[in-house]
Amino acid sequence: MRSMGMKRTVEPKVLYFGTPVVLVSTRNPDGSTNLAPMSSAWWLGYYAMLGMGTSSQTVKNLVDRPEVVLNLVDPAMVAALDRIALLTGSEEMSDSKRARGYRFEPDKFAAAGLTRTAGAVTGLDMVEESPITLEGRIEAIHPIGGPSEHLCALSMKVEQVQVRDDLLMSNDRYIDPLRWDPLIMKFTEYFAGGAPAYESSLARGWQMPPLNVG
């Protein structure tokens, strides 16, 4: 076996070795839908676990209004997603977030150039361009690390799944893994099919963290 060199002990800024990108729909206090990108999600059965920053508008919404939609993203949506990567639905933000270039935007659907469609279960606005949408509710929120980390994991029960026809296998019970090509975030870069997909706003200067919703 060919030697790949020695390993060194390091402290990377982020540990995002390759995770799918998701647009999260939640309900604002005024009833409107907040849309936010995130890249810490995994699934087991009909449950999803979502990792987010506790200061985000998304988490604030879900604490009081647990309905949620996960709009999965394919490479065709990457430009739209990147247009809202540094937007937040909260008028209040930390100095560190402001220093990274975030700004308040109440209508992120319009900012992204994405189309609203009504959710059947949650009543939230979903992303029509999304090939796969998962509607459901947050059942539990767990803090991660100490108070200074400002991180949490949210457990979501998926109640309805909508999939674009061309991604379904013949019996409608399975999604074709060859046709479904999710947009992936590795560290702060977008990838599709193993290749760079788009120049990420988050990657301009490695001081920026991965997608952590707003």
# chains A, B, ... in the order shown; residues from 1 in each chain; ligands from 1

$ residues_around --residues "A:Ile184" --least-positions-apart "5" --cutoff "12 Å" --atoms "only C-alpha atoms" --output "PDB file with N, CA and C atoms, in the first residue's frame"
ATOM      1  N   TYR A  16     -16.153  19.915   9.094  1.00  0.00           N
ATOM      2  CA  TYR A  16     -17.213  19.617   8.128  1.00  0.00           C
ATOM      3  C   TYR A  16     -16.591  18.776   7.010  1.00  0.00           C
ATOM      4  N   PHE A  17     -16.608  17.461   7.181  1.00  0.00           N
ATOM      5  CA  PHE A  17     -15.923  16.576   6.248  1.00  0.00           C
ATOM      6  C   PHE A  17     -16.793  16.199   5.047  1.00  0.00           C
ATOM      7  N   GLY A  18     -17.992  16.738   4.980  1.00  0.00           N
ATOM      8  CA  GLY A  18     -18.904  16.483   3.856  1.00  0.00           C
ATOM      9  C   GLY A  18     -20.305  16.211   4.347  1.00  0.00           C
ATOM     10  N   THR A  19     -21.166  17.230   4.312  1.00  0.00           N
ATOM     11  CA  THR A  19     -22.537  17.106   4.805  1.00  0.00           C
ATOM     12  C   THR A  19     -23.494  17.753   3.803  1.00  0.00           C
ATOM     13  N   PRO A  20     -24.738  17.236   3.705  1.00  0.00           N
ATOM     14  CA  PRO A  20     -25.685  17.808   2.741  1.00  0.00           C
ATOM     15  C   PRO A  20     -26.166  19.188   3.163  1.00  0.00           C
ATOM     16  N   VAL A  21     -26.438  20.022   2.180  1.00  0.00           N
ATOM     17  CA  VAL A  21     -26.957  21.364   2.427  1.00  0.00           C
ATOM     18  C   VAL A  21     -28.484  21.321   2.391  1.00  0.00           C
ATOM     19  N   VAL A  22     -29.097  22.002   3.341  1.00  0.00           N
ATOM     20  CA  VAL A  22     -30.558  22.016   3.475  1.00  0.00           C
ATOM     21  C   VAL A  22     -31.023  23.452   3.673  1.00  0.00           C
ATOM     22  N   MET A  38     -28.506  25.554   6.058  1.00  0.00           N
ATOM     23  CA  MET A  38     -27.704  24.909   7.086  1.00  0.00           C
ATOM     24  C   MET A  38     -27.046  23.679   6.492  1.00  0.00           C
ATOM     25  N   SER A  39     -25.993  23.202   7.182  1.00  0.00           N
ATOM     26  CA  SER A  39     -25.252  22.065   6.628  1.00  0.00           C
ATOM     27  C   SER A  39     -24.811  21.097   7.718  1.00  0.00           C
ATOM     28  N   SER A  40     -25.675  20.935   8.727  1.00  0.00           N
ATOM     29  CA  SER A  40     -25.420  19.931   9.772  1.00  0.00           C
ATOM     30  C   SER A  40     -26.706  19.135   9.960  1.00  0.00           C
ATOM     31  N   ALA A  41     -26.913  18.151   9.096  1.00  0.00           N
ATOM     32  CA  ALA A  41     -28.144  17.353   9.156  1.00  0.00           C
ATOM     33  C   ALA A  41     -27.835  15.899   8.850  1.00  0.00           C
ATOM     34  N   LEU A  72     -34.438  20.035   0.678  1.00  0.00           N
ATOM     35  CA  LEU A  72     -33.132  19.531   0.271  1.00  0.00           C
ATOM     36  C   LEU A  72     -32.684  20.222  -1.012  1.00  0.00           C
ATOM     37  N   VAL A  73     -31.382  20.366  -1.159  1.00  0.00           N
ATOM     38  CA  VAL A  73     -30.806  21.196  -2.211  1.00  0.00           C
ATOM     39  C   VAL A  73     -29.988  20.341  -3.171  1.00  0.00           C
ATOM     40  N   ASP A  74     -30.188  20.566  -4.481  1.00  0.00           N
ATOM     41  CA  ASP A  74     -29.332  19.921  -5.472  1.00  0.00           C
ATOM     42  C   ASP A  74     -28.414  20.968  -6.098  1.00  0.00           C
ATOM     43  N   PRO A  75     -27.431  20.554  -6.900  1.00  0.00           N
ATOM     44  CA  PRO A  75     -26.464  21.514  -7.441  1.00  0.00           C
ATOM     45  C   PRO A  75     -27.075  22.644  -8.259  1.00  0.00           C
ATOM     46  N   MET A  77     -29.394  24.462  -7.506  1.00  0.00           N
ATOM     47  CA  MET A  77     -29.867  25.515  -6.609  1.00  0.00           C
ATOM     48  C   MET A  77     -28.737  26.253  -5.911  1.00  0.00           C
ATOM     49  N   VAL A  78     -27.489  25.930  -6.216  1.00  0.00           N
ATOM     50  CA  VAL A  78     -26.378  26.437  -5.410  1.00  0.00           C
ATOM     51  C   VAL A  78     -26.248  27.952  -5.462  1.00  0.00           C
ATOM     52  N   GLU A 189     -16.803  24.958   1.425  1.00  0.00           N
ATOM     53  CA  GLU A 189     -16.955  24.935  -0.031  1.00  0.00           C
ATOM     54  C   GLU A 189     -18.109  24.022  -0.447  1.00  0.00           C
ATOM     55  N   TYR A 190     -18.810  24.414  -1.536  1.00  0.00           N
ATOM     56  CA  TYR A 190     -19.882  23.594  -2.090  1.00  0.00           C
ATOM     57  C   TYR A 190     -19.302  22.572  -3.065  1.00  0.00           C
ATOM     58  N   PHE A 191     -19.816  21.328  -2.985  1.00  0.00           N
ATOM     59  CA  PHE A 191     -19.376  20.270  -3.893  1.00  0.00           C
ATOM     60  C   PHE A 191     -20.588  19.523  -4.441  1.00  0.00           C
ATOM     61  N   ALA A 192     -20.446  19.042  -5.685  1.00  0.00           N
ATOM     62  CA  ALA A 192     -21.459  18.193  -6.305  1.00  0.00           C
ATOM     63  C   ALA A 192     -20.740  17.140  -7.123  1.00  0.00           C
ATOM     64  N   GLY A 193     -21.089  15.881  -6.911  1.00  0.00           N
ATOM     65  CA  GLY A 193     -20.441  14.808  -7.640  1.00  0.00           C
ATOM     66  C   GLY A 193     -18.948  14.741  -7.394  1.00  0.00           C
ATOM     67  N   GLY A 194     -18.522  15.214  -6.237  1.00  0.00           N
ATOM     68  CA  GLY A 194     -17.116  15.174  -5.876  1.00  0.00           C
ATOM     69  C   GLY A 194     -16.288  16.337  -6.377  1.00  0.00           C
ATOM     70  N   ALA A 195     -16.895  17.247  -7.135  1.00  0.00           N
ATOM     71  CA  ALA A 195     -16.168  18.380  -7.705  1.00  0.00           C
ATOM     72  C   ALA A 195     -16.714  19.695  -7.155  1.00  0.00           C
ATOM     73  N   PRO A 196     -15.884  20.735  -7.085  1.00  0.00           N
ATOM     74  CA  PRO A 196     -16.375  22.044  -6.636  1.00  0.00           C
ATOM     75  C   PRO A 196     -17.568  22.489  -7.474  1.00  0.00           C
ATOM     76  N   ALA A 197     -18.596  23.027  -6.807  1.00  0.00           N
ATOM     77  CA  ALA A 197     -19.831  23.381  -7.506  1.00  0.00           C
ATOM     78  C   ALA A 197     -20.012  24.876  -7.684  1.00  0.00           C
ATOM     79  N   TYR A 198     -19.417  25.687  -6.812  1.00  0.00           N
ATOM     80  CA  TYR A 198     -19.693  27.124  -6.845  1.00  0.00           C
ATOM     81  C   TYR A 198     -18.729  27.801  -5.881  1.00  0.00           C
ATOM     82  N   SER A 200     -18.039  29.760  -2.919  1.00  0.00           N
ATOM     83  CA  SER A 200     -18.854  30.025  -1.743  1.00  0.00           C
ATOM     84  C   SER A 200     -18.516  31.367  -1.108  1.00  0.00           C
ATOM     85  N   PRO A 210     -18.956  27.176   8.689  1.00  0.00           N
ATOM     86  CA  PRO A 210     -19.878  26.634   7.714  1.00  0.00           C
ATOM     87  C   PRO A 210     -21.292  27.136   7.950  1.00  0.00           C
ATOM     88  N   LEU A 211     -22.202  26.783   7.062  1.00  0.00           N
ATOM     89  CA  LEU A 211     -23.587  27.231   7.166  1.00  0.00           C
ATOM     90  C   LEU A 211     -24.164  26.859   8.519  1.00  0.00           C
TER      91      LEU A 211
END

$ residues_around --residues "stretch 55-68 of chain A" --least-positions-apart "2" --cutoff "10 Å" --atoms "only C-alpha atoms" --output "PyMOL selection string"
chain A and resi 24-29+31+33-37+51-53+70-71+88-94+119+121-126+134-141+150-154+156-158+212-214

$ write_last_selection --atoms "N, CA and C atoms" --output "compact mmCIF listing (two decimals), in the first residue's frame"
# COMPACT_ATOMS: atom_id res chain seq x y z
N VAL A 24 -33.94 25.47 5.48
CA VAL A 24 -34.89 25.20 6.56
C VAL A 24 -35.97 26.28 6.58
N SER A 25 -37.23 25.85 6.50
CA SER A 25 -38.37 26.76 6.64
C SER A 25 -38.91 26.69 8.06
N THR A 26 -39.04 27.85 8.71
CA THR A 26 -39.65 27.94 10.04
C THR A 26 -40.59 29.13 10.09
N ARG A 27 -41.41 29.19 11.14
CA ARG A 27 -42.42 30.25 11.23
C ARG A 27 -41.95 31.36 12.16
N ASN A 28 -41.92 32.60 11.62
CA ASN A 28 -41.59 33.78 12.41
C ASN A 28 -42.75 34.16 13.33
N PRO A 29 -42.48 34.99 14.35
CA PRO A 29 -43.55 35.41 15.25
C PRO A 29 -44.75 36.06 14.54
N GLY A 31 -45.94 35.16 11.70
CA GLY A 31 -46.59 34.17 10.85
C GLY A 31 -45.93 33.96 9.51
N THR A 33 -42.75 33.05 6.85
CA THR A 33 -41.79 31.95 6.84
C THR A 33 -40.36 32.47 6.71
N ASN A 34 -39.52 32.04 7.64
CA ASN A 34 -38.09 32.31 7.53
C ASN A 34 -37.44 31.16 6.78
N LEU A 35 -36.51 31.47 5.90
CA LEU A 35 -35.80 30.46 5.12
C LEU A 35 -34.32 30.61 5.40
N ALA A 36 -33.66 29.52 5.81
CA ALA A 36 -32.26 29.62 6.19
C ALA A 36 -31.49 28.38 5.75
N PRO A 37 -30.27 28.57 5.21
CA PRO A 37 -29.44 27.42 4.84
C PRO A 37 -28.71 26.86 6.05
N GLY A 51 -28.10 20.25 13.52
CA GLY A 51 -27.20 21.02 14.36
C GLY A 51 -27.22 22.48 13.98
N MET A 52 -27.47 23.36 14.97
CA MET A 52 -27.61 24.79 14.67
C MET A 52 -27.05 25.63 15.81
N GLY A 53 -26.83 26.92 15.51
CA GLY A 53 -26.46 27.89 16.52
C GLY A 53 -27.69 28.41 17.23
N LEU A 70 -37.69 20.80 5.81
CA LEU A 70 -36.34 20.69 5.27
C LEU A 70 -36.46 20.63 3.75
N ASN A 71 -35.97 21.65 3.09
CA ASN A 71 -35.94 21.71 1.63
C ASN A 71 -34.56 21.27 1.18
N THR A 88 -29.69 36.96 7.47
CA THR A 88 -30.33 36.45 8.68
C THR A 88 -31.73 37.03 8.80
N GLY A 89 -32.63 36.24 9.36
CA GLY A 89 -34.00 36.69 9.59
C GLY A 89 -34.17 37.42 10.90
N SER A 90 -33.09 37.64 11.63
CA SER A 90 -33.16 38.33 12.92
C SER A 90 -32.55 39.71 12.80
N GLU A 91 -33.28 40.73 13.26
CA GLU A 91 -32.73 42.09 13.26
C GLU A 91 -31.62 42.24 14.28
N GLU A 92 -31.62 41.39 15.31
CA GLU A 92 -30.56 41.41 16.32
C GLU A 92 -29.54 40.34 15.97
N MET A 93 -28.27 40.71 15.96
CA MET A 93 -27.22 39.73 15.68
C MET A 93 -25.98 40.10 16.48
N SER A 94 -25.15 39.09 16.70
CA SER A 94 -23.93 39.30 17.47
C SER A 94 -22.93 40.13 16.67
N GLY A 119 -46.86 24.36 2.23
CA GLY A 119 -46.71 23.04 2.82
C GLY A 119 -48.05 22.46 3.19
N VAL A 121 -48.62 19.93 5.44
CA VAL A 121 -48.70 19.51 6.84
C VAL A 121 -48.44 20.67 7.78
N THR A 122 -47.43 21.46 7.49
CA THR A 122 -46.99 22.51 8.40
C THR A 122 -47.63 23.86 8.14
N GLY A 123 -48.09 24.09 6.89
CA GLY A 123 -48.59 25.40 6.52
C GLY A 123 -47.49 26.40 6.25
N LEU A 124 -46.24 25.98 6.34
CA LEU A 124 -45.10 26.85 6.05
C LEU A 124 -44.88 26.95 4.55
N ASP A 125 -44.21 28.01 4.14
CA ASP A 125 -43.80 28.13 2.74
C ASP A 125 -42.61 27.19 2.50
N MET A 126 -42.73 26.36 1.46
CA MET A 126 -41.66 25.47 1.05
C MET A 126 -41.02 26.02 -0.22
N LEU A 134 -39.17 17.71 3.19
CA LEU A 134 -39.55 16.93 4.36
C LEU A 134 -40.26 17.84 5.34
N GLU A 135 -41.53 17.59 5.60
CA GLU A 135 -42.28 18.39 6.57
C GLU A 135 -42.40 17.63 7.88
N GLY A 136 -42.38 18.37 8.98
CA GLY A 136 -42.53 17.72 10.26
C GLY A 136 -42.47 18.69 11.42
N ARG A 137 -42.08 18.16 12.60
CA ARG A 137 -42.05 18.95 13.81
C ARG A 137 -40.78 18.63 14.60
N ILE A 138 -40.30 19.63 15.32
CA ILE A 138 -39.20 19.42 16.26
C ILE A 138 -39.77 18.84 17.55
N GLU A 139 -39.21 17.71 17.98
CA GLU A 139 -39.69 17.06 19.19
C GLU A 139 -38.81 17.31 20.41
N ALA A 140 -37.55 17.65 20.20
CA ALA A 140 -36.65 17.91 21.32
C ALA A 140 -35.50 18.77 20.86
N ILE A 141 -34.99 19.59 21.79
CA ILE A 141 -33.83 20.43 21.53
C ILE A 141 -32.81 20.15 22.62
N HIS A 150 -22.93 27.98 22.40
CA HIS A 150 -24.12 28.48 21.70
C HIS A 150 -24.56 27.54 20.58
N LEU A 151 -24.54 26.24 20.84
CA LEU A 151 -24.91 25.23 19.85
C LEU A 151 -25.98 24.31 20.41
N CYS A 152 -26.80 23.75 19.51
CA CYS A 152 -27.82 22.79 19.93
C CYS A 152 -28.08 21.79 18.82
N ALA A 153 -28.65 20.64 19.21
CA ALA A 153 -29.09 19.62 18.26
C ALA A 153 -30.60 19.49 18.41
N LEU A 154 -31.30 19.53 17.28
CA LEU A 154 -32.76 19.48 17.28
C LEU A 154 -33.22 18.18 16.64
N MET A 156 -36.03 16.12 14.84
CA MET A 156 -37.23 16.36 14.03
C MET A 156 -37.89 15.05 13.66
N LYS A 157 -39.22 14.99 13.83
CA LYS A 157 -40.01 13.87 13.35
C LYS A 157 -40.55 14.24 11.97
N VAL A 158 -40.17 13.46 10.95
CA VAL A 158 -40.63 13.71 9.58
C VAL A 158 -42.03 13.14 9.41
N ASN A 212 -24.67 27.84 9.23
CA ASN A 212 -25.20 27.59 10.56
C ASN A 212 -26.50 28.33 10.79
N VAL A 213 -27.23 28.56 9.78
CA VAL A 213 -28.57 29.17 9.70
C VAL A 213 -28.69 30.53 10.33
N GLY A 214 -29.69 31.29 9.77
CA GLY A 214 -29.98 32.63 10.29
C GLY A 214 -31.45 32.85 10.39

$ select_by_dssp --residues "stretch 8-107 of chain A" --states "alpha helix (DSSP H)" --output "PyMOL selection string"
chain A and resi 57-64+78-83+95-99

$ atom_distance --atom1 "atom CA of A:Leu178" --atom2 "atom CA of A:Gln162"
18.1 Å

$ closest_residue --among "A:Thr54, A:Gly101, A:Met169, A:Phe187" --to "A:His142" --atoms "only C-alpha atoms"
A:Thr54

$ decode --residues "stretch 3-19 of chain A" --atoms "N, CA, C and O atoms" --output "PDB file, in the first residue's frame"
ATOM      1  N   SER A   3       2.347   4.748   0.801  1.00  0.00           N
ATOM      2  CA  SER A   3       2.348   5.619   1.968  1.00  0.00           C
ATOM      3  C   SER A   3       1.817   6.996   1.580  1.00  0.00           C
ATOM      4  O   SER A   3       2.204   7.569   0.559  1.00  0.00           O
ATOM      5  N   MET A   4       0.917   7.543   2.391  1.00  0.00           N
ATOM      6  CA  MET A   4       0.339   8.851   2.129  1.00  0.00           C
ATOM      7  C   MET A   4       0.977   9.931   2.996  1.00  0.00           C
ATOM      8  O   MET A   4       0.508  11.050   3.057  1.00  0.00           O
ATOM      9  N   GLY A   5       2.052   9.594   3.714  1.00  0.00           N
ATOM     10  CA  GLY A   5       2.692  10.573   4.582  1.00  0.00           C
ATOM     11  C   GLY A   5       2.256  10.436   6.020  1.00  0.00           C
ATOM     12  O   GLY A   5       1.291   9.739   6.345  1.00  0.00           O
ATOM     13  N   MET A   6       2.953  11.111   6.888  1.00  0.00           N
ATOM     14  CA  MET A   6       2.659  11.035   8.319  1.00  0.00           C
ATOM     15  C   MET A   6       1.456  11.888   8.669  1.00  0.00           C
ATOM     16  O   MET A   6       1.129  12.842   7.966  1.00  0.00           O
ATOM     17  N   LYS A   7       0.811  11.515   9.774  1.00  0.00           N
ATOM     18  CA  LYS A   7      -0.293  12.320  10.299  1.00  0.00           C
ATOM     19  C   LYS A   7       0.228  13.243  11.394  1.00  0.00           C
ATOM     20  O   LYS A   7       1.162  12.899  12.115  1.00  0.00           O
ATOM     21  N   ARG A   8      -0.401  14.420  11.489  1.00  0.00           N
ATOM     22  CA  ARG A   8      -0.031  15.381  12.515  1.00  0.00           C
ATOM     23  C   ARG A   8      -1.245  15.715  13.365  1.00  0.00           C
ATOM     24  O   ARG A   8      -2.376  15.696  12.889  1.00  0.00           O
ATOM     25  N   THR A   9      -1.042  16.060  14.589  1.00  0.00           N
ATOM     26  CA  THR A   9      -2.111  16.524  15.468  1.00  0.00           C
ATOM     27  C   THR A   9      -2.343  18.004  15.196  1.00  0.00           C
ATOM     28  O   THR A   9      -1.423  18.822  15.305  1.00  0.00           O
ATOM     29  N   VAL A  10      -3.578  18.348  14.820  1.00  0.00           N
ATOM     30  CA  VAL A  10      -3.921  19.721  14.461  1.00  0.00           C
ATOM     31  C   VAL A  10      -5.240  20.097  15.119  1.00  0.00           C
ATOM     32  O   VAL A  10      -5.932  19.252  15.692  1.00  0.00           O
ATOM     33  N   GLU A  11      -5.602  21.364  15.020  1.00  0.00           N
ATOM     34  CA  GLU A  11      -6.877  21.860  15.542  1.00  0.00           C
ATOM     35  C   GLU A  11      -7.599  22.625  14.434  1.00  0.00           C
ATOM     36  O   GLU A  11      -7.540  23.852  14.370  1.00  0.00           O
ATOM     37  N   PRO A  12      -8.292  21.904  13.517  1.00  0.00           N
ATOM     38  CA  PRO A  12      -8.983  22.589  12.408  1.00  0.00           C
ATOM     39  C   PRO A  12     -10.028  23.573  12.914  1.00  0.00           C
ATOM     40  O   PRO A  12     -10.645  23.366  13.970  1.00  0.00           O
ATOM     41  N   LYS A  13     -10.238  24.633  12.152  1.00  0.00           N
ATOM     42  CA  LYS A  13     -11.239  25.641  12.504  1.00  0.00           C
ATOM     43  C   LYS A  13     -12.642  25.038  12.492  1.00  0.00           C
ATOM     44  O   LYS A  13     -13.474  25.357  13.333  1.00  0.00           O
ATOM     45  N   VAL A  14     -12.930  24.159  11.509  1.00  0.00           N
ATOM     46  CA  VAL A  14     -14.238  23.508  11.414  1.00  0.00           C
ATOM     47  C   VAL A  14     -14.031  22.035  11.093  1.00  0.00           C
ATOM     48  O   VAL A  14     -13.002  21.644  10.550  1.00  0.00           O
ATOM     49  N   LEU A  15     -15.027  21.215  11.453  1.00  0.00           N
ATOM     50  CA  LEU A  15     -14.978  19.774  11.195  1.00  0.00           C
ATOM     51  C   LEU A  15     -16.146  19.379  10.300  1.00  0.00           C
ATOM     52  O   LEU A  15     -17.040  18.645  10.699  1.00  0.00           O
ATOM     53  N   TYR A  16     -16.153  19.915   9.094  1.00  0.00           N
ATOM     54  CA  TYR A  16     -17.213  19.617   8.128  1.00  0.00           C
ATOM     55  C   TYR A  16     -16.591  18.776   7.010  1.00  0.00           C
ATOM     56  O   TYR A  16     -16.123  19.306   6.009  1.00  0.00           O
ATOM     57  N   PHE A  17     -16.608  17.461   7.181  1.00  0.00           N
ATOM     58  CA  PHE A  17     -15.923  16.576   6.248  1.00  0.00           C
ATOM     59  C   PHE A  17     -16.793  16.199   5.047  1.00  0.00           C
ATOM     60  O   PHE A  17     -16.361  15.444   4.184  1.00  0.00           O
ATOM     61  N   GLY A  18     -17.992  16.738   4.980  1.00  0.00           N
ATOM     62  CA  GLY A  18     -18.904  16.483   3.856  1.00  0.00           C
ATOM     63  C   GLY A  18     -20.305  16.211   4.347  1.00  0.00           C
ATOM     64  O   GLY A  18     -20.608  15.116   4.795  1.00  0.00           O
ATOM     65  N   THR A  19     -21.166  17.230   4.312  1.00  0.00           N
ATOM     66  CA  THR A  19     -22.537  17.106   4.805  1.00  0.00           C
ATOM     67  C   THR A  19     -23.494  17.753   3.803  1.00  0.00           C
ATOM     68  O   THR A  19     -23.134  18.714   3.121  1.00  0.00           O
TER      69      THR A  19
END
